[in-house]
Amino acid sequence: MDKWNLKKRPVCLEKRFEFESYTITRDFLDRLGDYCEKVKRYPDISFGKTYVNITLRPEDDSTEAKITSSEHQFAEEIDRLL
């Protein structure tokens, strides 16, 4: 499984998920949506027929914000949705 990429400007974690079909992509997006509603945390998401790009930003939106264990834990939970 690919790892999440840590970006420094702006600080965030990013990952691209690729799927074999639109149906599988849609199923993943449905699980992701349900999970995000459950935890009340919403990543930036872009997607196409067979891919989903997810960007996690720090909950603290100050200019000194850093990626914390909270973002890493959220990323791990997203990986488990596969």
# chains A, B, ... in the order shown; residues from 1 in each chain; ligands from 1
$ residues_around --residues "Asp44 in chain A" --least-positions-apart "3" --cutoff "7 Å" --atoms "only C-alpha atoms" --output "list in words"
Ile54, Thr55 and Leu56 of chain A
$ select_by_dssp --residues "chain A" --states "strand (DSSP E)" --output "VMD selection string"
chain A and resid 5 to 8 11 to 18 44 to 48 51 to 56
$ closest_residue --among "A:Ile45, A:Lys66, A:Glu76, A:Phe28" --to "Lys8 in chain A" --atoms "only C-alpha atoms"
A:Lys66
$ residues_around --residues "Glu71 in chain A" --least-positions-apart "3" --cutoff "12 Å" --atoms "only C-alpha atoms" --output "list of chain:residue names"
A:Trp4, A:Leu6, A:Val11, A:Cys12, A:Leu13, A:Glu14, A:Arg41, A:Tyr42, A:Pro43, A:Thr55, A:Leu56, A:Arg57, A:Pro58, A:Glu59, A:Asp60, A:Ala65, A:Lys66, A:Ile67, A:Thr68, A:Phe74, A:Ala75, A:Glu76, A:Glu77, A:Ile78
$ closest_residue --among "A:Lys38, A:Leu32, A:Val52, A:Asp61" --to "Leu81 in chain A" --atoms "only C-alpha atoms"
A:Leu32
$ closest_residue --among "A:Arg80, A:Arg31, A:Arg26, A:Lys15" --to "Asp2 in chain A" --atoms "only C-alpha atoms"
A:Lys15
$ atom_distance --atom1 "CA of Tyr35 in chain A" --atom2 "CA of Lys3 in chain A"
20.0 Å
$ residues_around --residues "Phe19 in chain A" --least-positions-apart "2" --cutoff "12 Å" --atoms "only C-alpha atoms" --output "list of chain:residue names"
A:Arg16, A:Phe17, A:Ser21, A:Tyr22, A:Thr23, A:Ile24, A:Thr25, A:Arg26, A:Asp27, A:Phe28, A:Leu29, A:Phe47, A:Gly48, A:Lys49, A:Thr50, A:Tyr51, A:Val52, A:Asn53, A:Leu82
$ atom_distance --atom1 "CA of Asp34 in chain A" --atom2 "CA of Ser62 in chain A"
27.8 Å
$ select_by_dssp --residues "chain A" --states "alpha helix (DSSP H)" --output "JSON, numbers by chain"
{"A": [22, 23, 24, 25, 26, 27, 28, 29, 30, 31, 32, 33, 34, 35, 36, 37, 38, 39, 69, 70, 71, 72, 73, 74, 75, 76, 77, 78, 79, 80]}
$ write_last_selection --atoms "N, CA and C atoms" --output "PDB file, in the first residue's frame"
ATOM      1  N   TYR A  22     -15.377   2.090 -11.675  1.00  0.00           N
ATOM      2  CA  TYR A  22     -16.146   3.170 -11.070  1.00  0.00           C
ATOM      3  C   TYR A  22     -16.940   2.649  -9.867  1.00  0.00           C
ATOM      4  N   THR A  23     -17.462   1.451  -9.962  1.00  0.00           N
ATOM      5  CA  THR A  23     -18.251   0.879  -8.872  1.00  0.00           C
ATOM      6  C   THR A  23     -17.418   0.754  -7.600  1.00  0.00           C
ATOM      7  N   ILE A  24     -16.194   0.295  -7.726  1.00  0.00           N
ATOM      8  CA  ILE A  24     -15.310   0.151  -6.565  1.00  0.00           C
ATOM      9  C   ILE A  24     -14.945   1.531  -6.025  1.00  0.00           C
ATOM     10  N   THR A  25     -14.703   2.482  -6.917  1.00  0.00           N
ATOM     11  CA  THR A  25     -14.400   3.860  -6.501  1.00  0.00           C
ATOM     12  C   THR A  25     -15.578   4.423  -5.720  1.00  0.00           C
ATOM     13  N   ARG A  26     -16.764   4.258  -6.241  1.00  0.00           N
ATOM     14  CA  ARG A  26     -17.977   4.777  -5.591  1.00  0.00           C
ATOM     15  C   ARG A  26     -18.197   4.129  -4.222  1.00  0.00           C
ATOM     16  N   ASP A  27     -17.970   2.825  -4.119  1.00  0.00           N
ATOM     17  CA  ASP A  27     -18.116   2.131  -2.831  1.00  0.00           C
ATOM     18  C   ASP A  27     -17.149   2.699  -1.796  1.00  0.00           C
ATOM     19  N   PHE A  28     -15.904   2.956  -2.211  1.00  0.00           N
ATOM     20  CA  PHE A  28     -14.923   3.546  -1.304  1.00  0.00           C
ATOM     21  C   PHE A  28     -15.371   4.945  -0.872  1.00  0.00           C
ATOM     22  N   LEU A  29     -15.845   5.750  -1.811  1.00  0.00           N
ATOM     23  CA  LEU A  29     -16.307   7.099  -1.479  1.00  0.00           C
ATOM     24  C   LEU A  29     -17.489   7.065  -0.508  1.00  0.00           C
ATOM     25  N   ASP A  30     -18.375   6.090  -0.678  1.00  0.00           N
ATOM     26  CA  ASP A  30     -19.504   5.951   0.248  1.00  0.00           C
ATOM     27  C   ASP A  30     -19.021   5.616   1.654  1.00  0.00           C
ATOM     28  N   ARG A  31     -18.078   4.676   1.758  1.00  0.00           N
ATOM     29  CA  ARG A  31     -17.521   4.317   3.079  1.00  0.00           C
ATOM     30  C   ARG A  31     -16.795   5.509   3.687  1.00  0.00           C
ATOM     31  N   LEU A  32     -16.033   6.230   2.861  1.00  0.00           N
ATOM     32  CA  LEU A  32     -15.311   7.407   3.332  1.00  0.00           C
ATOM     33  C   LEU A  32     -16.297   8.465   3.838  1.00  0.00           C
ATOM     34  N   GLY A  33     -17.339   8.718   3.090  1.00  0.00           N
ATOM     35  CA  GLY A  33     -18.345   9.693   3.496  1.00  0.00           C
ATOM     36  C   GLY A  33     -19.000   9.317   4.815  1.00  0.00           C
ATOM     37  N   ASP A  34     -19.353   8.048   4.967  1.00  0.00           N
ATOM     38  CA  ASP A  34     -19.965   7.578   6.217  1.00  0.00           C
ATOM     39  C   ASP A  34     -19.007   7.752   7.390  1.00  0.00           C
ATOM     40  N   TYR A  35     -17.744   7.397   7.168  1.00  0.00           N
ATOM     41  CA  TYR A  35     -16.754   7.526   8.241  1.00  0.00           C
ATOM     42  C   TYR A  35     -16.547   8.997   8.620  1.00  0.00           C
ATOM     43  N   CYS A  36     -16.430   9.864   7.633  1.00  0.00           N
ATOM     44  CA  CYS A  36     -16.222  11.291   7.916  1.00  0.00           C
ATOM     45  C   CYS A  36     -17.397  11.877   8.688  1.00  0.00           C
ATOM     46  N   GLU A  37     -18.605  11.482   8.342  1.00  0.00           N
ATOM     47  CA  GLU A  37     -19.780  11.944   9.089  1.00  0.00           C
ATOM     48  C   GLU A  37     -19.727  11.443  10.532  1.00  0.00           C
ATOM     49  N   LYS A  38     -19.298  10.224  10.708  1.00  0.00           N
ATOM     50  CA  LYS A  38     -19.214   9.635  12.052  1.00  0.00           C
ATOM     51  C   LYS A  38     -18.239  10.400  12.946  1.00  0.00           C
ATOM     52  N   VAL A  39     -17.070  10.747  12.400  1.00  0.00           N
ATOM     53  CA  VAL A  39     -16.035  11.414  13.211  1.00  0.00           C
ATOM     54  C   VAL A  39     -16.088  12.943  13.088  1.00  0.00           C
ATOM     55  N   SER A  69      -0.267  13.615  15.366  1.00  0.00           N
ATOM     56  CA  SER A  69      -0.707  12.217  15.423  1.00  0.00           C
ATOM     57  C   SER A  69      -2.183  12.100  15.057  1.00  0.00           C
ATOM     58  N   SER A  70      -2.957  13.146  15.271  1.00  0.00           N
ATOM     59  CA  SER A  70      -4.374  13.135  14.913  1.00  0.00           C
ATOM     60  C   SER A  70      -4.561  12.944  13.404  1.00  0.00           C
ATOM     61  N   GLU A  71      -3.786  13.653  12.605  1.00  0.00           N
ATOM     62  CA  GLU A  71      -3.882  13.502  11.150  1.00  0.00           C
ATOM     63  C   GLU A  71      -3.384  12.126  10.707  1.00  0.00           C
ATOM     64  N   HIS A  72      -2.300  11.651  11.327  1.00  0.00           N
ATOM     65  CA  HIS A  72      -1.784  10.327  10.972  1.00  0.00           C
ATOM     66  C   HIS A  72      -2.796   9.232  11.329  1.00  0.00           C
ATOM     67  N   GLN A  73      -3.450   9.383  12.462  1.00  0.00           N
ATOM     68  CA  GLN A  73      -4.460   8.413  12.880  1.00  0.00           C
ATOM     69  C   GLN A  73      -5.657   8.443  11.915  1.00  0.00           C
ATOM     70  N   PHE A  74      -6.069   9.639  11.519  1.00  0.00           N
ATOM     71  CA  PHE A  74      -7.163   9.779  10.561  1.00  0.00           C
ATOM     72  C   PHE A  74      -6.781   9.107   9.236  1.00  0.00           C
ATOM     73  N   ALA A  75      -5.554   9.303   8.789  1.00  0.00           N
ATOM     74  CA  ALA A  75      -5.074   8.672   7.555  1.00  0.00           C
ATOM     75  C   ALA A  75      -5.104   7.149   7.669  1.00  0.00           C
ATOM     76  N   GLU A  76      -4.688   6.619   8.798  1.00  0.00           N
ATOM     77  CA  GLU A  76      -4.716   5.164   9.011  1.00  0.00           C
ATOM     78  C   GLU A  76      -6.139   4.630   8.948  1.00  0.00           C
ATOM     79  N   GLU A  77      -7.072   5.359   9.525  1.00  0.00           N
ATOM     80  CA  GLU A  77      -8.469   4.937   9.480  1.00  0.00           C
ATOM     81  C   GLU A  77      -9.000   4.959   8.054  1.00  0.00           C
ATOM     82  N   ILE A  78      -8.600   5.938   7.269  1.00  0.00           N
ATOM     83  CA  ILE A  78      -9.015   5.985   5.868  1.00  0.00           C
ATOM     84  C   ILE A  78      -8.449   4.774   5.114  1.00  0.00           C
ATOM     85  N   ASP A  79      -7.192   4.438   5.369  1.00  0.00           N
ATOM     86  CA  ASP A  79      -6.590   3.256   4.731  1.00  0.00           C
ATOM     87  C   ASP A  79      -7.362   1.993   5.061  1.00  0.00           C
ATOM     88  N   ARG A  80      -7.883   1.912   6.269  1.00  0.00           N
ATOM     89  CA  ARG A  80      -8.634   0.716   6.692  1.00  0.00           C
ATOM     90  C   ARG A  80      -9.969   0.590   5.960  1.00  0.00           C
TER      91      ARG A  80
END
